[in-house]
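What's in model11.csv: CSV, C-alpha atoms and all ligand atoms
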```csv
chain,number,residue,atom,x,y,z
A,1,MET,CA,-125.6,-92.8,56.3
A,2,SER,CA,-126.6,-89.2,56.5
A,3,ASP,CA,-124.4,-86.5,55.0
A,4,PRO,CA,-122.2,-85.4,57.9
A,5,THR,CA,-121.9,-81.8,56.4
A,6,ARG,CA,-125.7,-81.2,56.3
A,7,GLU,CA,-127.9,-79.6,58.9
A,8,THR,CA,-125.7,-77.0,60.4
A,9,ASP,CA,-125.7,-73.3,60.2
A,10,VAL,CA,-122.0,-73.2,60.7
A,11,ARG,CA,-120.3,-71.6,57.7
A,12,LEU,CA,-117.5,-73.8,56.3
A,13,ARG,CA,-115.2,-72.7,53.5
A,14,ALA,CA,-116.5,-73.5,50.0
A,15,ALA,CA,-112.9,-74.6,49.2
A,16,LEU,CA,-113.5,-77.7,51.3
A,17,ASP,CA,-116.0,-79.0,48.8
A,18,GLN,CA,-113.1,-79.3,46.4
A,19,VAL,CA,-110.9,-81.3,48.7
A,20,PRO,CA,-110.7,-85.0,47.7
A,21,ALA,CA,-110.5,-87.5,50.6
A,22,TYR,CA,-107.1,-89.1,51.1
A,23,VAL,CA,-107.6,-92.8,50.7
A,24,PRO,CA,-105.1,-94.6,52.9
A,25,GLY,CA,-103.7,-98.0,52.2
A,26,LYS,CA,-106.0,-100.6,53.9
A,27,PRO,CA,-104.7,-102.7,56.7
A,28,ALA,CA,-103.9,-106.3,55.7
A,29,ALA,CA,-107.0,-108.4,56.2
A,30,ALA,CA,-106.6,-111.5,58.4
A,31,ARG,CA,-107.7,-114.8,56.9
A,32,GLU,CA,-107.2,-118.2,58.3
A,33,GLY,CA,-104.4,-120.2,56.9
A,34,VAL,CA,-103.2,-117.3,54.7
A,35,THR,CA,-100.3,-115.0,55.7
A,36,SER,CA,-101.3,-111.5,55.1
A,37,TYR,CA,-99.1,-108.6,54.0
A,38,LYS,CA,-99.9,-104.9,53.7
A,39,VAL,CA,-98.1,-103.7,50.6
A,40,SER,CA,-100.4,-100.7,50.0
A,41,SER,CA,-98.5,-97.8,51.6
A,42,ASN,CA,-94.9,-98.0,50.4
A,43,GLU,CA,-93.8,-98.6,54.0
A,44,ASN,CA,-90.5,-100.1,54.9
A,45,PRO,CA,-91.1,-103.7,55.9
A,46,PHE,CA,-88.2,-103.7,58.4
A,47,PRO,CA,-88.9,-102.8,62.0
A,48,PRO,CA,-87.0,-99.9,63.5
A,49,LEU,CA,-83.3,-100.5,64.2
A,50,PRO,CA,-82.5,-101.4,67.8
A,51,SER,CA,-80.3,-98.3,68.2
A,52,VAL,CA,-83.2,-96.1,66.9
A,53,LEU,CA,-85.7,-97.8,69.2
A,54,GLU,CA,-83.5,-97.1,72.2
A,55,VAL,CA,-83.4,-93.4,71.4
A,56,ILE,CA,-87.2,-93.3,71.0
A,57,ARG,CA,-87.6,-95.0,74.4
A,58,ASP,CA,-85.3,-92.5,76.0
A,59,ALA,CA,-87.1,-89.6,74.3
A,60,ALA,CA,-90.5,-91.0,75.5
A,61,THR,CA,-89.5,-90.3,79.1
A,62,GLN,CA,-89.6,-86.6,78.3
A,63,VAL,CA,-92.9,-86.3,76.6
A,64,ASN,CA,-94.3,-84.1,79.3
A,65,ARG,CA,-92.1,-81.4,77.8
A,66,TYR,CA,-92.7,-79.6,74.5
A,67,PRO,CA,-90.4,-80.6,71.7
A,68,ASP,CA,-87.6,-78.2,70.5
A,69,MET,CA,-89.7,-75.9,68.3
A,70,ALA,CA,-86.7,-74.9,66.3
A,71,VAL,CA,-85.8,-78.6,65.6
A,72,THR,CA,-82.2,-77.6,66.2
A,73,ALA,CA,-80.4,-81.0,66.5
A,74,LEU,CA,-82.1,-82.5,63.4
A,75,THR,CA,-81.7,-79.3,61.4
A,76,GLU,CA,-77.9,-79.2,62.2
A,77,ALA,CA,-77.5,-82.9,61.4
A,78,LEU,CA,-79.3,-82.6,58.1
A,79,ALA,CA,-77.3,-79.4,57.1
A,80,GLU,CA,-74.1,-81.2,57.8
A,81,ARG,CA,-75.0,-84.3,56.0
A,82,LEU,CA,-76.3,-82.5,52.9
A,83,GLY,CA,-73.6,-79.8,52.9
A,84,VAL,CA,-76.1,-76.9,53.1
A,85,PRO,CA,-76.5,-74.0,55.6
A,86,THR,CA,-78.9,-74.7,58.4
A,87,GLU,CA,-81.1,-71.7,57.3
A,88,HIS,CA,-81.8,-73.7,54.1
A,89,ILE,CA,-83.6,-76.5,56.0
A,90,ALA,CA,-87.2,-76.5,57.0
A,91,THR,CA,-88.9,-79.4,58.7
A,92,GLY,CA,-92.5,-80.5,59.0
A,93,THR,CA,-94.9,-83.3,60.0
A,94,GLY,CA,-93.8,-85.6,57.2
A,95,SER,CA,-93.1,-84.2,53.8
A,96,VAL,CA,-96.9,-84.0,53.3
A,97,GLY,CA,-96.9,-81.5,56.2
A,98,VAL,CA,-94.1,-79.5,54.5
A,99,LEU,CA,-96.0,-79.5,51.3
A,100,GLY,CA,-99.1,-78.1,53.0
A,101,GLN,CA,-96.9,-75.4,54.6
A,102,LEU,CA,-95.5,-74.6,51.1
A,103,VAL,CA,-98.9,-74.3,49.4
A,104,GLN,CA,-100.1,-72.1,52.2
A,105,ALA,CA,-97.0,-69.9,51.9
A,106,THR,CA,-97.3,-69.5,48.1
A,107,CYS,CA,-100.9,-69.8,47.0
A,108,ASP,CA,-103.9,-67.4,47.2
A,109,PRO,CA,-107.3,-68.6,46.1
A,110,GLY,CA,-107.4,-69.2,42.4
A,111,ASP,CA,-103.6,-69.7,42.0
A,112,GLU,CA,-102.4,-72.7,40.2
A,113,VAL,CA,-100.3,-75.7,41.2
A,114,VAL,CA,-99.0,-77.8,38.3
A,115,TYR,CA,-98.1,-81.4,38.7
A,116,ALA,CA,-98.1,-84.7,36.7
A,117,TRP,CA,-101.1,-87.1,37.0
A,118,ARG,CA,-101.2,-89.8,38.2
A,119,SER,CA,-98.9,-88.8,40.9
A,120,PHE,CA,-99.0,-88.5,44.7
A,121,GLU,CA,-102.5,-88.3,46.1
A,122,ALA,CA,-101.7,-85.6,48.6
A,123,TYR,CA,-101.0,-83.0,45.9
A,124,PRO,CA,-104.7,-82.3,45.0
A,125,ILE,CA,-105.6,-82.2,48.7
A,126,VAL,CA,-103.0,-79.7,49.8
A,127,THR,CA,-103.8,-77.6,46.7
A,128,ALA,CA,-107.5,-77.6,47.3
A,129,LEU,CA,-107.2,-76.8,51.0
A,130,ALA,CA,-105.5,-73.6,50.1
A,131,GLY,CA,-108.3,-72.7,47.7
A,132,ALA,CA,-105.8,-73.1,44.8
A,133,ARG,CA,-106.4,-74.9,41.6
A,134,SER,CA,-104.7,-78.2,40.5
A,135,VAL,CA,-103.4,-78.3,36.9
A,136,GLN,CA,-102.8,-81.9,36.2
A,137,VAL,CA,-100.6,-82.9,33.2
A,138,GLY,CA,-101.0,-86.5,32.1
A,139,LEU,CA,-98.1,-89.0,32.2
A,140,ASP,CA,-96.7,-90.5,28.9
A,141,ASP,CA,-97.2,-94.1,27.8
A,142,HIS,CA,-94.2,-95.1,29.9
A,143,ALA,CA,-95.8,-93.6,33.0
A,144,ARG,CA,-93.2,-90.8,33.0
A,145,HIS,CA,-93.6,-87.1,33.5
A,146,ARG,CA,-94.1,-85.0,30.3
A,147,LEU,CA,-91.9,-82.1,31.5
A,148,ASP,CA,-92.3,-80.1,28.3
A,149,ALA,CA,-96.1,-80.2,28.7
A,150,MET,CA,-95.8,-79.2,32.3
A,151,ALA,CA,-93.6,-76.2,31.4
A,152,ALA,CA,-96.3,-75.3,28.8
A,153,ALA,CA,-99.0,-75.5,31.4
A,154,ILE,CA,-97.5,-72.7,33.5
A,155,THR,CA,-99.5,-69.5,33.4
A,156,ASP,CA,-99.5,-66.1,35.2
A,157,ARG,CA,-101.4,-67.8,38.0
A,158,THR,CA,-98.9,-70.7,38.5
A,159,LYS,CA,-97.2,-70.5,41.9
A,160,VAL,CA,-95.8,-74.0,42.3
A,161,VAL,CA,-94.8,-76.9,40.1
A,162,ILE,CA,-94.3,-80.3,41.7
A,163,VAL,CA,-92.0,-82.8,40.1
A,164,CYS,CA,-92.3,-86.2,41.8
A,165,THR,CA,-89.2,-88.3,41.1
A,166,PRO,CA,-89.4,-91.2,41.3
A,167,ASN,CA,-93.1,-90.8,40.6
A,168,ASN,CA,-95.5,-92.3,43.1
A,169,PRO,CA,-97.5,-94.5,42.1
A,170,THR,CA,-95.9,-95.4,38.7
A,171,GLY,CA,-92.1,-95.6,39.5
A,172,PRO,CA,-90.0,-93.9,36.9
A,173,MET,CA,-87.7,-91.0,37.7
A,174,VAL,CA,-87.0,-88.0,35.6
A,175,THR,CA,-83.3,-87.7,34.6
A,176,HIS,CA,-81.0,-84.9,35.6
A,177,THR,CA,-80.7,-83.9,32.0
A,178,GLU,CA,-84.4,-83.6,31.6
A,179,LEU,CA,-84.9,-81.8,34.9
A,180,GLU,CA,-82.2,-79.3,34.1
A,181,ARG,CA,-83.7,-78.6,30.7
A,182,PHE,CA,-87.1,-78.2,32.3
A,183,LEU,CA,-85.9,-75.8,35.0
A,184,ASP,CA,-84.4,-73.6,32.2
A,185,GLN,CA,-87.9,-73.2,30.9
A,186,VAL,CA,-89.6,-72.3,34.2
A,187,PRO,CA,-89.9,-68.6,35.1
A,188,SER,CA,-87.8,-67.8,38.2
A,189,ARG,CA,-91.0,-66.5,40.0
A,190,VAL,CA,-92.5,-70.1,40.0
A,191,LEU,CA,-91.3,-72.4,42.7
A,192,VAL,CA,-90.4,-75.9,41.6
A,193,VAL,CA,-90.6,-78.6,44.2
A,194,ILE,CA,-88.6,-81.8,43.5
A,195,ASP,CA,-90.4,-84.4,45.7
A,196,GLU,CA,-87.8,-87.1,46.4
A,197,ALA,CA,-89.6,-89.2,48.9
A,198,TYR,CA,-87.9,-92.3,47.4
A,199,VAL,CA,-84.5,-90.9,46.5
A,200,GLU,CA,-82.6,-93.4,48.5
A,201,PHE,CA,-83.9,-96.2,46.3
A,202,VAL,CA,-82.7,-94.7,43.0
A,203,THR,CA,-80.0,-96.6,41.2
A,204,GLY,CA,-80.6,-95.5,37.6
A,205,GLU,CA,-78.2,-93.5,35.4
A,206,ASP,CA,-78.4,-89.8,35.1
A,207,ALA,CA,-80.4,-89.6,38.3
A,208,PRO,CA,-81.3,-86.0,39.4
A,209,ARG,CA,-78.6,-84.3,41.4
A,210,SER,CA,-81.3,-82.2,43.0
A,211,LEU,CA,-79.1,-80.4,45.5
A,212,GLU,CA,-76.9,-79.2,42.7
A,213,LEU,CA,-80.0,-77.9,40.9
A,214,TYR,CA,-81.3,-76.1,44.0
A,215,ARG,CA,-78.0,-74.6,44.8
A,216,ASP,CA,-77.9,-72.6,41.5
A,217,ARG,CA,-81.6,-71.7,41.5
A,218,PRO,CA,-83.4,-69.8,44.2
A,219,ASN,CA,-86.8,-71.1,42.9
A,220,VAL,CA,-86.0,-74.8,43.4
A,221,MET,CA,-86.8,-76.7,46.5
A,222,VAL,CA,-86.0,-80.3,47.4
A,223,LEU,CA,-88.5,-82.2,49.5
A,224,ARG,CA,-87.5,-85.4,51.4
A,225,THR,CA,-88.8,-87.6,54.2
A,226,PHE,CA,-87.9,-90.1,56.9
A,227,SER,CA,-91.0,-92.1,56.2
A,228,LYS,CA,-89.8,-94.5,53.5
A,229,ALA,CA,-86.1,-95.6,53.3
A,230,TYR,CA,-85.5,-94.5,56.9
A,231,GLY,CA,-88.6,-96.5,58.1
A,232,LEU,CA,-90.1,-93.8,60.4
A,233,ALA,CA,-93.5,-93.4,58.7
A,234,GLY,CA,-95.3,-93.5,62.0
A,235,LEU,CA,-93.3,-90.6,63.5
A,236,ARG,CA,-94.0,-88.0,60.8
A,237,VAL,CA,-90.8,-86.2,59.9
A,238,GLY,CA,-90.0,-84.6,56.6
A,239,TYR,CA,-88.0,-81.6,55.4
A,240,ALA,CA,-87.3,-79.2,52.6
A,241,VAL,CA,-84.0,-77.9,51.4
A,242,ALA,CA,-84.7,-74.4,50.0
A,243,HIS,CA,-83.2,-70.9,49.8
A,244,PRO,CA,-83.7,-68.7,52.8
A,245,PRO,CA,-86.8,-66.8,51.7
A,246,VAL,CA,-88.7,-70.0,51.0
A,247,ALA,CA,-87.3,-71.9,54.0
A,248,SER,CA,-88.3,-69.1,56.4
A,249,ALA,CA,-91.8,-68.9,54.8
A,250,LEU,CA,-92.1,-72.7,55.5
A,251,ARG,CA,-91.2,-72.0,59.1
A,252,LYS,CA,-93.9,-69.4,59.4
A,253,THR,CA,-96.6,-71.7,58.1
A,254,ALA,CA,-95.5,-74.7,60.2
A,255,THR,CA,-97.7,-76.0,63.0
A,256,PRO,CA,-95.9,-74.8,66.1
A,257,PHE,CA,-94.2,-77.8,67.8
A,258,GLY,CA,-95.4,-79.9,64.9
A,259,VAL,CA,-92.4,-82.2,64.7
A,260,ASN,CA,-92.6,-84.0,67.9
A,261,SER,CA,-89.7,-85.0,70.2
A,262,LEU,CA,-89.7,-88.7,69.4
A,263,GLY,CA,-89.6,-87.9,65.7
A,264,GLN,CA,-86.8,-85.4,66.1
A,265,ALA,CA,-84.7,-87.9,68.2
A,266,ALA,CA,-85.4,-90.8,65.9
A,267,ALA,CA,-84.5,-88.9,62.8
A,268,VAL,CA,-81.2,-87.8,64.2
A,269,ALA,CA,-80.4,-91.3,65.3
A,270,SER,CA,-81.4,-92.6,61.9
A,271,LEU,CA,-79.1,-90.3,60.1
A,272,GLU,CA,-76.3,-91.6,62.3
A,273,ALA,CA,-77.3,-95.2,61.5
A,274,PHE,CA,-77.6,-94.6,57.8
A,275,ASP,CA,-75.0,-97.2,56.8
A,276,GLU,CA,-77.1,-99.9,58.6
A,277,LEU,CA,-80.3,-98.6,57.0
A,278,LYS,CA,-78.7,-98.4,53.6
A,279,GLU,CA,-78.1,-102.2,53.8
A,280,ARG,CA,-81.8,-102.7,54.1
A,281,VAL,CA,-82.5,-100.3,51.3
A,282,ASP,CA,-80.0,-102.3,49.2
A,283,GLN,CA,-81.9,-105.5,50.0
A,284,LEU,CA,-85.2,-103.9,49.0
A,285,VAL,CA,-83.6,-102.7,45.7
A,286,ALA,CA,-82.4,-106.2,45.0
A,287,GLU,CA,-85.9,-107.5,45.7
A,288,ARG,CA,-87.3,-104.8,43.3
A,289,THR,CA,-85.0,-106.1,40.6
A,290,ARG,CA,-86.1,-109.7,41.3
A,291,VAL,CA,-89.8,-108.8,41.2
A,292,VAL,CA,-89.6,-106.6,38.0
A,293,GLU,CA,-87.6,-109.3,36.2
A,294,ALA,CA,-90.1,-112.0,37.2
A,295,LEU,CA,-93.1,-110.0,36.2
A,296,ARG,CA,-91.6,-109.0,32.8
A,297,GLY,CA,-90.7,-112.6,32.3
A,298,GLN,CA,-94.4,-113.5,32.8
A,299,GLY,CA,-95.3,-111.0,30.0
A,300,TRP,CA,-96.3,-107.9,32.1
A,301,PHE,CA,-95.5,-104.4,30.9
A,302,ILE,CA,-93.9,-102.9,34.0
A,303,ALA,CA,-92.7,-99.3,33.8
A,304,ASP,CA,-89.1,-98.8,35.0
A,305,THR,CA,-89.3,-98.2,38.7
A,306,GLU,CA,-86.6,-96.4,40.8
A,307,ALA,CA,-88.7,-96.6,44.0
A,308,ASN,CA,-89.8,-99.3,46.5
A,309,PHE,CA,-92.9,-100.2,44.5
A,310,VAL,CA,-94.1,-101.5,41.1
A,311,TRP,CA,-97.1,-100.2,39.0
A,312,PHE,CA,-99.5,-102.4,37.1
A,313,GLY,CA,-101.3,-100.2,34.6
A,314,LEU,CA,-104.3,-102.5,34.4
A,315,GLY,CA,-107.1,-100.0,33.5
A,316,GLU,CA,-110.5,-101.6,34.0
A,317,ARG,CA,-109.0,-104.8,35.3
A,318,SER,CA,-107.4,-103.1,38.3
A,319,GLY,CA,-110.2,-104.1,40.7
A,320,ALA,CA,-110.0,-107.8,39.6
A,321,PHE,CA,-106.3,-107.9,40.1
A,322,ALA,CA,-106.5,-106.2,43.5
A,323,ALA,CA,-109.2,-108.7,44.5
A,324,ALA,CA,-107.1,-111.6,43.4
A,325,ALA,CA,-104.2,-110.4,45.4
A,326,GLN,CA,-106.4,-109.8,48.4
A,327,GLU,CA,-107.6,-113.4,48.1
A,328,ALA,CA,-103.9,-114.5,48.3
A,329,GLY,CA,-103.3,-112.3,51.4
A,330,LEU,CA,-101.8,-109.3,49.7
A,331,THR,CA,-103.3,-105.9,50.3
A,332,LEU,CA,-102.3,-103.7,47.3
A,333,ARG,CA,-103.3,-100.1,46.5
A,334,GLN,CA,-105.8,-99.7,43.7
A,335,TYR,CA,-106.2,-96.4,41.9
A,336,GLY,CA,-109.7,-96.7,40.4
A,337,ASP,CA,-109.6,-97.9,36.9
A,338,ASP,CA,-106.0,-96.6,36.3
A,339,GLY,CA,-103.9,-99.3,37.9
A,340,VAL,CA,-102.6,-101.0,41.0
A,341,ARG,CA,-99.5,-100.3,43.0
A,342,ALA,CA,-97.6,-102.9,45.0
A,343,THR,CA,-94.9,-102.0,47.5
A,344,ILE,CA,-91.8,-104.1,47.5
A,345,GLY,CA,-92.0,-105.8,50.9
A,346,GLU,CA,-90.3,-108.7,52.6
A,347,PRO,CA,-89.3,-111.6,50.2
A,348,GLY,CA,-92.4,-113.7,51.3
A,349,ALA,CA,-94.7,-110.9,50.2
A,350,ASN,CA,-92.9,-110.4,46.9
A,351,ASP,CA,-93.2,-114.1,46.3
A,352,VAL,CA,-96.9,-114.0,46.7
A,353,LEU,CA,-97.1,-110.9,44.4
A,354,ILE,CA,-95.2,-112.8,41.6
A,355,ARG,CA,-97.4,-115.8,42.0
A,356,VAL,CA,-100.7,-113.8,42.0
A,357,ALA,CA,-99.5,-111.8,38.9
A,358,GLY,CA,-98.6,-115.0,37.0
A,359,ASP,CA,-101.9,-116.6,37.8
A,360,PHE,CA,-103.8,-113.5,36.8
A,361,LEU,CA,-102.1,-113.3,33.4
A,362,LEU,CA,-103.0,-116.9,32.7
A,363,ASP,CA,-106.7,-116.2,33.4
A,364,ASN,CA,-106.6,-112.7,31.7
A,365,PRO,CA,-104.0,-112.7,28.9
A,366,VAL,CA,-102.7,-109.2,28.1
A,367,THR,CA,-103.5,-108.3,24.6
B,1,LIG,C1,-94.8,-91.2,50.9
B,1,LIG,C2,-94.6,-89.9,50.1
B,1,LIG,C3,-94.3,-88.8,50.7
B,1,LIG,C4,-93.9,-88.7,52.2
B,1,LIG,O1,-94.9,-88.6,53.0
B,1,LIG,P1,-94.6,-88.3,54.5
B,1,LIG,O2,-95.6,-87.2,54.8
B,1,LIG,O3,-93.2,-87.8,54.6
B,1,LIG,O4,-94.8,-89.6,55.2
B,1,LIG,C5,-94.1,-87.6,50.0
B,1,LIG,N1,-94.2,-87.6,48.7
B,1,LIG,C6,-94.4,-88.8,48.0
B,1,LIG,C7,-94.5,-88.8,46.5
B,1,LIG,C8,-94.7,-90.0,48.7
B,1,LIG,O5,-95.0,-91.1,48.1
```
When written as structure tokens, how does the structure in this file appear?
Amino acid sequence: MSDPTRETDVRLRAALDQVPAYVPGKPAAAREGVTSYKVSSNENPFPPLPSVLEVIRDAATQVNRYPDMAVTALTEALAERLGVPTEHIATGTGSVGVLGQLVQATCDPGDEVVYAWRSFEAYPIVTALAGARSVQVGLDDHARHRLDAMAAAITDRTKVVIVCTPNNPTGPMVTHTELERFLDQVPSRVLVVIDEAYVEFVTGEDAPRSLELYRDRPNVMVLRTFSKAYGLAGLRVGYAVAHPPVASALRKTATPFGVNSLGQAAAVASLEAFDELKERVDQLVAERTRVVEALRGQGWFIADTEANFVWFGLGERSGAFAAAAQEAGLTLRQYGDDGVRATIGEPGANDVLIRVAGDFLLDNPVT
């Protein structure tokens, strides 16, 4: 195929050359006689709640109108639920959207964004789009953040540090104690984003009490989403909790009317239905425990996971494992020669994962 960027006189920003492509989870491939499951995007396997679907249907009758640009009802519902002032909430088209707004609001070309690696794939993209520079700090042997090394990586050019907890794609969280100690080392001019896309799945001890940390520190922002536990990935709603100067900067860099009316209505309804959604989250957490115990019983080293996925740090055998899973109907997410991530899905999908992983170990013993 010819290079789509060649043969034009149109001047594109050089920064775009540094933007890596986002690789989405592949759709499940259909194969005769094999049930296929897509466990490559950390989606919620449950369909929308009937009560939420009804609200979406109602909202659909009004889509000739622009959405509420101020996202009033959702902002008020979030503020009340989280016990924060409404001015501290800023919304966006998914938390990826909010993150893009944030980097635009903080970074000039050449500024630095520090984050762990591997971590969420959107971080290098939003950073490069702003012409800023990624400073990636490797995870430790247990696939956890090295917060001391991240603090040491901060320079005069650092504008933002992102802490992903639990970390996507590896699973571990940072603890409250670790995070507090880290924040004490970060200069107050540097904004720290605590990306808690999977916070509802966390059950571990000493979990970050991020809202407490943000309350005392104007340079701390909490980032959350309706895409995972709330099961609204297709509607693109995320939000930040931040002090007013940061929150209002996020409103300035937001796409006008970005959070659409179906998303706004569904998010409000989902907050109201949280108890029902929480039951589903609890089921997924129970499945996570079952999967991790089974895999460890087979002899796998699986990092502690507080999210809705497990990480196989397979190195060069990642491709072989992903292919074996695909053969069994399971579409996983492969990260080059680093590893493979599997979302905790419906019990049937998890059963296939356990079976594939056991068979793979028999053929390829871990040394
Ligand atoms: C899935 C995910 C998000 C959320 O993305 P949305 O844009 O809200 O769908 C944010 N951060 C991390 C680490 C994620 O894995």
key: Contacts of ligand LIG 1 (chain B), 7 Å or closer, only C-alpha atoms and all ligand atoms, given as a PyMOL selection string   = chain A and resi 42+93-97+120+164+167-168+195-197+224-228+233+236-238
key: Contact residues around segment 185-189 of chain A with all atoms listed in the file at 12 Å, ignoring same-chain residues under 5 positions, as a VMD selection string   = chain A and resid 106 114 147 to 162 178 to 180 216 to 220 246
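With only the atoms specified (only C-alpha atoms) counting, those residues at most 10 Å away from (-84.5, -101.3, 54.2) are Glu43, Asn44, Pro45, Phe46, Pro47, Pro48, Glu200, Phe201, Lys228, Ala229, Tyr230, Gly231, Glu276, Leu277, Lys278, Glu279, Arg280, Val281, Asp282, Gln283, Leu284, Val285, Asn308, Gly345 and Glu346 of chain A.
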Contacts of segment 96-156 of chain A with segment 287-307 of chain A up to 12 Å, shortest pair per row, all atoms listed in the file, as CSV:
```
residue,atom,partner,partner_atom,distance
A:Leu139,CA,A:Ala303,CA,11.7
A:Asp140,CA,A:Ala303,CA,10.8
A:Asp141,CA,A:Ala303,CA,9.1
A:His142,CA,A:Ala303,CA,5.9
A:Ala143,CA,A:Ala303,CA,6.5
A:Arg144,CA,A:Ala303,CA,8.6
```
Please save C-alpha atoms of the selected residues as an mmCIF file, in the coordinates of the input.
```cif
data_model
loop_
_atom_site.group_PDB
_atom_site.id
_atom_site.type_symbol
_atom_site.label_atom_id
_atom_site.label_comp_id
_atom_site.auth_asym_id
_atom_site.auth_seq_id
_atom_site.Cartn_x
_atom_site.Cartn_y
_atom_site.Cartn_z
ATOM 1 C CA LEU A 139 -98.100 -89.000 32.200
ATOM 2 C CA ASP A 140 -96.700 -90.500 28.900
ATOM 3 C CA ASP A 141 -97.200 -94.100 27.800
ATOM 4 C CA HIS A 142 -94.200 -95.100 29.900
ATOM 5 C CA ALA A 143 -95.800 -93.600 33.000
ATOM 6 C CA ARG A 144 -93.200 -90.800 33.000
#
```
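Of note, atom CA of Leu82 of chain A and atom CA of Phe274 of chain A are spaced 13.1 Å apart.
Nearest to Glu32 of chain A of all the residues A:Val63, A:Tyr198, A:Pro109, A:Gly329 is A:Gly329, based on all atoms listed in the file.
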note = Taken to one decimal, the atom CA of Ser270 of chain A-atom CA of Val23 of chain A distance is 28.5 Å
Since the input is missing atoms for segment 42-57 of chain A, could you rebuild it with N, CA and C atoms and give the result as a short mmCIF file (atom, residue, chain, number, x, y, z; two decimals), in the coordinates of the input?
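Contents of selection07.cif, as written:
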```cif
data_model
loop_
_atom_site.label_atom_id
_atom_site.label_comp_id
_atom_site.auth_asym_id
_atom_site.auth_seq_id
_atom_site.Cartn_x
_atom_site.Cartn_y
_atom_site.Cartn_z
N ASN A 42 -96.34 -98.25 50.68
CA ASN A 42 -94.90 -98.00 50.40
C ASN A 42 -94.10 -97.88 51.72
N GLU A 43 -94.57 -98.60 52.75
CA GLU A 43 -93.80 -98.60 54.00
C GLU A 43 -92.61 -99.48 53.91
N ASN A 44 -91.67 -99.21 54.82
CA ASN A 44 -90.50 -100.10 54.90
C ASN A 44 -90.90 -101.30 55.74
N PRO A 45 -90.65 -102.50 55.20
CA PRO A 45 -91.10 -103.70 55.90
C PRO A 45 -90.24 -104.02 57.14
N PHE A 46 -89.06 -103.42 57.24
CA PHE A 46 -88.20 -103.70 58.40
C PHE A 46 -88.63 -102.94 59.62
N PRO A 47 -88.57 -103.57 60.79
CA PRO A 47 -88.90 -102.80 62.00
C PRO A 47 -87.78 -101.83 62.32
N PRO A 48 -88.02 -100.87 63.24
CA PRO A 48 -87.00 -99.90 63.50
C PRO A 48 -85.68 -100.57 64.00
N LEU A 49 -84.56 -99.96 63.70
CA LEU A 49 -83.30 -100.50 64.20
C LEU A 49 -83.24 -100.43 65.70
N PRO A 50 -82.61 -101.42 66.34
CA PRO A 50 -82.50 -101.40 67.80
C PRO A 50 -81.95 -100.09 68.35
N SER A 51 -80.95 -99.55 67.69
CA SER A 51 -80.30 -98.30 68.20
C SER A 51 -81.34 -97.13 68.11
N VAL A 52 -82.17 -97.13 67.08
CA VAL A 52 -83.20 -96.10 66.90
C VAL A 52 -84.28 -96.23 67.97
N LEU A 53 -84.69 -97.49 68.17
CA LEU A 53 -85.70 -97.80 69.20
C LEU A 53 -85.31 -97.31 70.56
N GLU A 54 -84.03 -97.51 70.87
CA GLU A 54 -83.50 -97.10 72.20
C GLU A 54 -83.65 -95.60 72.37
N VAL A 55 -83.30 -94.87 71.32
CA VAL A 55 -83.40 -93.40 71.40
C VAL A 55 -84.85 -92.97 71.54
N ILE A 56 -85.76 -93.67 70.85
CA ILE A 56 -87.20 -93.30 71.00
C ILE A 56 -87.67 -93.59 72.40
N ARG A 57 -87.22 -94.72 72.99
CA ARG A 57 -87.60 -95.00 74.40
C ARG A 57 -87.11 -93.97 75.34
#
```
